[in-house]
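Asks: Below: one structure in structure tokens.
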Protein chains: 2
Amino acid sequence: MQNFNFQNPVKIIFGKGTIGKIGPEAAKAGKKALLVYGGGSIKKNGVYEAVIKTLTENGIAVVEHAGVKPNPALGHVREGVKKAKAEKCGFIVAAGGGSVIDESKAIAAGALYAGDVWDFFSGKAQVREALPLFTVLTLPATGSEMNSGCVVTNEDTKQKYSAGGAALFPRASVLDPETTMSLPAAQVANGAVDAIAHIIEGYFTTTDADNAVTDELVHGLARSVIASTERIMKDPADYNARAAMMWSATLALNGLASCGYGGGSFINHAIEHSLSAIYDIAHGAGLAIVMPAWFKHHLRTAGPARLEKFGRCVFGAGSAGETIAAFEAFFKKTGAPVRLAEAGIPAADIPAIAGNAMGLIRAWGIKYTQPEVEKILADAV
Amino acid sequence: MQNFNFQNPVKIIFGKGTIGKIGPEAAKAGKKALLVYGGGSIKKNGVYEAVIKTLTENGIAVVEHAGVKPNPALGHVREGVKKAKAEKCGFIVAAGGGSVIDESKAIAAGALYAGDVWDFFSGKAQVREALPLFTVLTLPATGSEMNSGCVVTNEDTKQKYSAGGAALFPRASVLDPETTMSLPAAQVANGAVDAIAHIIEGYFTTTDADNAVTDELVHGLARSVIASTERIMKDPADYNARAAMMWSATLALNGLASCGYGGGSFINHAIEHSLSAIYDIAHGAGLAIVMPAWFKHHLRTAGPARLEKFGRCVFGAGSAGETIAAFEAFFKKTGAPVRLAEAGIPAADIPAIAGNAMGLIRAWGIKYTQPEVEKILADAV
């Protein structure tokens, strides 16, 4: 077990009918909010109304910044920063999924920064301060509601890069599983794959595999995500399955699932970000394509031990090969693509994808070469 | 899954050689510390020296408050409060196990309160503010290093009562597993039993057992505690087992292991507090006596479902009865007593023990009658 630091100050308010609790929390931070949301699904499922109601009741004026897209785009982030500055918003309320929350974090940092917000993503500047952020989560997947990172795509350069810093932890996040009851199956699948991806990165890239407790947490969260997904596929109205999925996805990337692993890297994410930056596919879909191929690379280079342990504890698999097959079978079952062609990506693009991925791989300090990444992607054909 | 709130701001600094990091953390809070510790074991294992060194190097003056006992006593807490006030200490550094940290929390609250510190335990006053607290943990067991509760014993009234409040969360806690390498076997056992006790209370008293994710965390932490205990018993120098034990015991009572259970009660703790208040036995020892008896009560009144699930997932047990036997076998294996007589407590005392327990049972709002508690204790004869 490697040394680690852990701190996560986010206040989680979890459960049915809890959206009304975000207003009193936000009121502690000021009187004027930038309300950030996406394409309008929150106007269909009652979330928008509930958020406006609680903000208004708590004396908060609202400036809206709508239209956040999956893989949030730098141009739209810059508009948000401009609006937050011009309107002198004291804090941000994000209502939506991981993309909405990530864009909100970028705006929160950009609003208190004199330069261009992309500086935080390109590595030119560190996030030292940000507007307070409050979130109402409607899509379990990224864990952004309980961590301090965010990912934004620069549409011009096709770079999907990340930024982070303690100032970006939300002050409070409301997780109401009822807001997820009407999610389309594809979004449930993407969320499940993303949550799985978050817990496998540290587990499989650790430099110290003798870590009984974090291994147990990872196995437990994986089993919970898989079991919940299957229950939701059978019965979309299954509240307890929706709740377990929501809390599992949050715990998957709040820092707990990597405590003591040390030396871990987010290599699957680095490769996937290239896919969704170039082709604008869903992050979860990209991960379902990358992971089975990367596991084969992991088996070739690191041996079968971790795949055997994970497979035995999560899938009841008898070998490393069976574990990889079980991952792939689960992703397929959810409806996610598991090969490049299934997402309409031609094999001929592999050098370009790998080349793009190298930018993030270098930025994150991961020791992979472009030929290695190309070889991994060749297994995804 | 029931609604819940979760927030835990404690900064955890975990690993080998990390004690030197408490000085820079503490320096953020002031220039004068009350250093609280126990019977002097920290003077034998190098912890005292390391703490003094980092505090001094960070320009912090130290006032000492030594001699905290297991089941920390109100009289000694009052002395600490007096000292902290008289010396105008700006914060507290606790170096030791759960008793030291609990007494430190009580002093931290008492130092900013005009009345008697027992008011927080008797229910007369709420903890609204407290001196900042920093801890260096040397005994994995109570989880106090990452929660906001504390327990103190009033020697005169034989009441072992609790207090809590967000102001009591430590600012930062150093967990260096190497400080636990020289712990006597009995303390390892007490810590393991205590950690198990913390995770079973919510699990077995929940009003909603359809909570896949928290169940997974509980099972995982239980397996980790049990496996680590067995490794430590075989090889006390096994660092990774010491580390897994330390982190598991912390996670067992930092709030995560009860998320979504709702309606849970700490009935085993309420009964045990009576034992250790009257007989001054170790908390872990008392819990090892109470739990098997309480599980029989649980089986009679709530049925076998939870015992079966826990037993299947943690012990590989085939029935509720086998699960109870497996708990008892594990406690015995660690050397803990599992019957009142083994701790020298006569069966004739049961009415007095139960009568004393009723004070805390009422204070905590648990719906048990004295005859019920007596019946549970009769199974511990």
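In the structure tokens, each chain is lettered A, B, ... as it comes, each chain's residues begin at 1, and ligands are numbered from 1 in order of appearance.
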Please report, as JSON lines, each residue of chain A lying at most 10 Å from chain B, together with the nearest pair of atoms and the separation in Å rounded to one decimal; use only C-alpha atoms, and order rows by chain and ascending residue number.

Replies:
```
{"residue": "A:Met1", "atom": "CA", "partner": "B:Asn240", "partner_atom": "CA", "distance": 5.7}
{"residue": "A:Gln2", "atom": "CA", "partner": "B:Gly15", "partner_atom": "CA", "distance": 6.8}
{"residue": "A:Asn3", "atom": "CA", "partner": "B:Gly15", "partner_atom": "CA", "distance": 4.2}
{"residue": "A:Phe4", "atom": "CA", "partner": "B:Phe14", "partner_atom": "CA", "distance": 5.2}
{"residue": "A:Asn5", "atom": "CA", "partner": "B:Ile13", "partner_atom": "CA", "distance": 4.6}
{"residue": "A:Phe6", "atom": "CA", "partner": "B:Ile12", "partner_atom": "CA", "distance": 5.0}
{"residue": "A:Gln7", "atom": "CA", "partner": "B:Lys11", "partner_atom": "CA", "distance": 4.5}
{"residue": "A:Asn8", "atom": "CA", "partner": "B:Pro9", "partner_atom": "CA", "distance": 5.8}
{"residue": "A:Pro9", "atom": "CA", "partner": "B:Pro9", "partner_atom": "CA", "distance": 4.2}
{"residue": "A:Val10", "atom": "CA", "partner": "B:Gln7", "partner_atom": "CA", "distance": 6.1}
{"residue": "A:Lys11", "atom": "CA", "partner": "B:Gln7", "partner_atom": "CA", "distance": 4.5}
{"residue": "A:Ile12", "atom": "CA", "partner": "B:Phe6", "partner_atom": "CA", "distance": 5.0}
{"residue": "A:Ile13", "atom": "CA", "partner": "B:Asn5", "partner_atom": "CA", "distance": 4.6}
{"residue": "A:Phe14", "atom": "CA", "partner": "B:Phe4", "partner_atom": "CA", "distance": 5.2}
{"residue": "A:Gly15", "atom": "CA", "partner": "B:Asn3", "partner_atom": "CA", "distance": 4.2}
{"residue": "A:Lys16", "atom": "CA", "partner": "B:Asn3", "partner_atom": "CA", "distance": 6.6}
{"residue": "A:Gly17", "atom": "CA", "partner": "B:Asn3", "partner_atom": "CA", "distance": 9.1}
{"residue": "A:Thr18", "atom": "CA", "partner": "B:Asn3", "partner_atom": "CA", "distance": 8.4}
{"residue": "A:Ala172", "atom": "CA", "partner": "B:Gln7", "partner_atom": "CA", "distance": 9.0}
{"residue": "A:Ser173", "atom": "CA", "partner": "B:Asn5", "partner_atom": "CA", "distance": 10.0}
{"residue": "A:Val174", "atom": "CA", "partner": "B:Asn5", "partner_atom": "CA", "distance": 9.3}
{"residue": "A:Leu175", "atom": "CA", "partner": "B:Asn3", "partner_atom": "CA", "distance": 9.7}
{"residue": "A:Asp176", "atom": "CA", "partner": "B:Asn3", "partner_atom": "CA", "distance": 8.9}
{"residue": "A:Pro177", "atom": "CA", "partner": "B:Asn3", "partner_atom": "CA", "distance": 10.0}
{"residue": "A:Asp208", "atom": "CA", "partner": "B:Asn240", "partner_atom": "CA", "distance": 9.9}
{"residue": "A:Asp210", "atom": "CA", "partner": "B:Asn240", "partner_atom": "CA", "distance": 6.6}
{"residue": "A:Asn211", "atom": "CA", "partner": "B:Ala244", "partner_atom": "CA", "distance": 6.6}
{"residue": "A:Ala212", "atom": "CA", "partner": "B:Ser224", "partner_atom": "CA", "distance": 6.0}
{"residue": "A:Val213", "atom": "CA", "partner": "B:Ser224", "partner_atom": "CA", "distance": 5.5}
{"residue": "A:Thr214", "atom": "CA", "partner": "B:Ala244", "partner_atom": "CA", "distance": 8.4}
{"residue": "A:Asp215", "atom": "CA", "partner": "B:Gly220", "partner_atom": "CA", "distance": 8.7}
{"residue": "A:Glu216", "atom": "CA", "partner": "B:Gly220", "partner_atom": "CA", "distance": 4.9}
{"residue": "A:Leu217", "atom": "CA", "partner": "B:Leu217", "partner_atom": "CA", "distance": 6.1}
{"residue": "A:Val218", "atom": "CA", "partner": "B:Gly220", "partner_atom": "CA", "distance": 9.3}
{"residue": "A:His219", "atom": "CA", "partner": "B:Gly220", "partner_atom": "CA", "distance": 8.3}
{"residue": "A:Gly220", "atom": "CA", "partner": "B:Glu216", "partner_atom": "CA", "distance": 4.9}
{"residue": "A:Leu221", "atom": "CA", "partner": "B:Val213", "partner_atom": "CA", "distance": 6.6}
{"residue": "A:Ala222", "atom": "CA", "partner": "B:Val213", "partner_atom": "CA", "distance": 9.5}
{"residue": "A:Arg223", "atom": "CA", "partner": "B:Glu216", "partner_atom": "CA", "distance": 8.0}
{"residue": "A:Ser224", "atom": "CA", "partner": "B:Val213", "partner_atom": "CA", "distance": 5.5}
{"residue": "A:Val225", "atom": "CA", "partner": "B:Val213", "partner_atom": "CA", "distance": 8.3}
{"residue": "A:Ala227", "atom": "CA", "partner": "B:Ala212", "partner_atom": "CA", "distance": 8.3}
{"residue": "A:Ser228", "atom": "CA", "partner": "B:Ala212", "partner_atom": "CA", "distance": 8.0}
{"residue": "A:Tyr239", "atom": "CA", "partner": "B:Met1", "partner_atom": "CA", "distance": 8.3}
{"residue": "A:Asn240", "atom": "CA", "partner": "B:Met1", "partner_atom": "CA", "distance": 5.7}
{"residue": "A:Ala241", "atom": "CA", "partner": "B:Ala212", "partner_atom": "CA", "distance": 8.0}
{"residue": "A:Arg242", "atom": "CA", "partner": "B:Met1", "partner_atom": "CA", "distance": 9.8}
{"residue": "A:Ala243", "atom": "CA", "partner": "B:Met1", "partner_atom": "CA", "distance": 6.9}
{"residue": "A:Ala244", "atom": "CA", "partner": "B:Val213", "partner_atom": "CA", "distance": 5.6}
{"residue": "A:Met245", "atom": "CA", "partner": "B:Val213", "partner_atom": "CA", "distance": 8.1}
{"residue": "A:Met246", "atom": "CA", "partner": "B:Val213", "partner_atom": "CA", "distance": 9.7}
{"residue": "A:Trp247", "atom": "CA", "partner": "B:Val213", "partner_atom": "CA", "distance": 7.4}
{"residue": "A:Ser248", "atom": "CA", "partner": "B:Val213", "partner_atom": "CA", "distance": 6.3}
{"residue": "A:Leu251", "atom": "CA", "partner": "B:Val213", "partner_atom": "CA", "distance": 9.5}
{"residue": "A:Leu256", "atom": "CA", "partner": "B:Leu251", "partner_atom": "CA", "distance": 9.8}
{"residue": "A:Cys259", "atom": "CA", "partner": "B:Phe14", "partner_atom": "CA", "distance": 9.1}
{"residue": "A:Gly260", "atom": "CA", "partner": "B:Phe14", "partner_atom": "CA", "distance": 8.3}
```

Asks: Considering only C-alpha atoms, return as a PDB file with C-alpha atoms, in the first residue's frame whatever protein or nucleic-acid residues lie within 12 Å of Gly318 of chain B, sequence-local ones (same chain, fewer than 4 positions apart) excluded.

Replies:
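Generated output (selection_32.pdb):
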```
ATOM      1  CA  PRO B 304     -32.485 -14.383   9.194  1.00  0.00           C
ATOM      2  CA  ALA B 305     -32.215 -12.317   5.962  1.00  0.00           C
ATOM      3  CA  LEU B 307     -27.451 -12.379   8.841  1.00  0.00           C
ATOM      4  CA  GLU B 308     -27.630 -14.733   5.883  1.00  0.00           C
ATOM      5  CA  LYS B 309     -26.488 -12.071   3.408  1.00  0.00           C
ATOM      6  CA  PHE B 310     -23.643 -10.806   5.581  1.00  0.00           C
ATOM      7  CA  GLY B 311     -22.509 -14.319   6.423  1.00  0.00           C
ATOM      8  CA  ARG B 312     -22.588 -15.473   2.803  1.00  0.00           C
ATOM      9  CA  CYS B 313     -20.579 -12.455   1.601  1.00  0.00           C
ATOM     10  CA  VAL B 314     -18.083 -12.178   4.462  1.00  0.00           C
ATOM     11  CA  GLU B 322     -23.515 -20.083  11.029  1.00  0.00           C
ATOM     12  CA  THR B 323     -22.965 -16.333  10.624  1.00  0.00           C
ATOM     13  CA  ILE B 324     -23.348 -15.738  14.357  1.00  0.00           C
ATOM     14  CA  ALA B 325     -20.982 -18.624  15.045  1.00  0.00           C
ATOM     15  CA  ALA B 326     -18.471 -17.185  12.555  1.00  0.00           C
TER      16      ALA B 326
END
```

Asks: Just list the residues in segment 114-152 of chain A DSSP gives helix (DSSP H, G or I) on the backbone, as number ranges by chain.

Replies: A: 119-122, 144-146

Asks: If you keep N, CA and C atoms, can you produce a file of those selected residues as a PDB file, in the first residue's frame?

Replies:
```pdb
ATOM      1  N   ASP A 119      -6.114  28.286 -20.584  1.00  0.00           N
ATOM      2  CA  ASP A 119      -4.813  28.210 -19.912  1.00  0.00           C
ATOM      3  C   ASP A 119      -4.787  27.113 -18.842  1.00  0.00           C
ATOM      4  N   PHE A 120      -5.929  26.908 -18.161  1.00  0.00           N
ATOM      5  CA  PHE A 120      -5.984  25.887 -17.108  1.00  0.00           C
ATOM      6  C   PHE A 120      -5.890  24.476 -17.696  1.00  0.00           C
ATOM      7  N   PHE A 121      -6.321  24.339 -18.938  1.00  0.00           N
ATOM      8  CA  PHE A 121      -6.347  23.015 -19.572  1.00  0.00           C
ATOM      9  C   PHE A 121      -5.051  22.729 -20.333  1.00  0.00           C
ATOM     10  N   SER A 122      -4.453  23.788 -20.866  1.00  0.00           N
ATOM     11  CA  SER A 122      -3.210  23.613 -21.628  1.00  0.00           C
ATOM     12  C   SER A 122      -1.999  23.516 -20.708  1.00  0.00           C
ATOM     13  N   SER A 144     -18.189  13.904 -11.326  1.00  0.00           N
ATOM     14  CA  SER A 144     -17.783  15.309 -11.236  1.00  0.00           C
ATOM     15  C   SER A 144     -18.462  16.027 -10.071  1.00  0.00           C
ATOM     16  N   GLU A 145     -19.652  15.553  -9.684  1.00  0.00           N
ATOM     17  CA  GLU A 145     -20.399  16.160  -8.586  1.00  0.00           C
ATOM     18  C   GLU A 145     -19.677  16.032  -7.245  1.00  0.00           C
ATOM     19  N   MET A 146     -18.674  15.154  -7.151  1.00  0.00           N
ATOM     20  CA  MET A 146     -17.946  14.990  -5.885  1.00  0.00           C
ATOM     21  C   MET A 146     -16.435  14.936  -6.098  1.00  0.00           C
TER      22      MET A 146
END
```

Asks: Can you pull out every residue from segment 149-229 of chain A that DSSP, working from the backbone, puts in strand (DSSP E), and format the result as number ranges by chain?

Replies: A: 149-154, 159-164, 172-175

Asks: Grab the atom CA of Gln126 of chain A to atom CA of Glu103 of chain A distance for me, in Å with one decimal place.

Replies: 16.6 Å
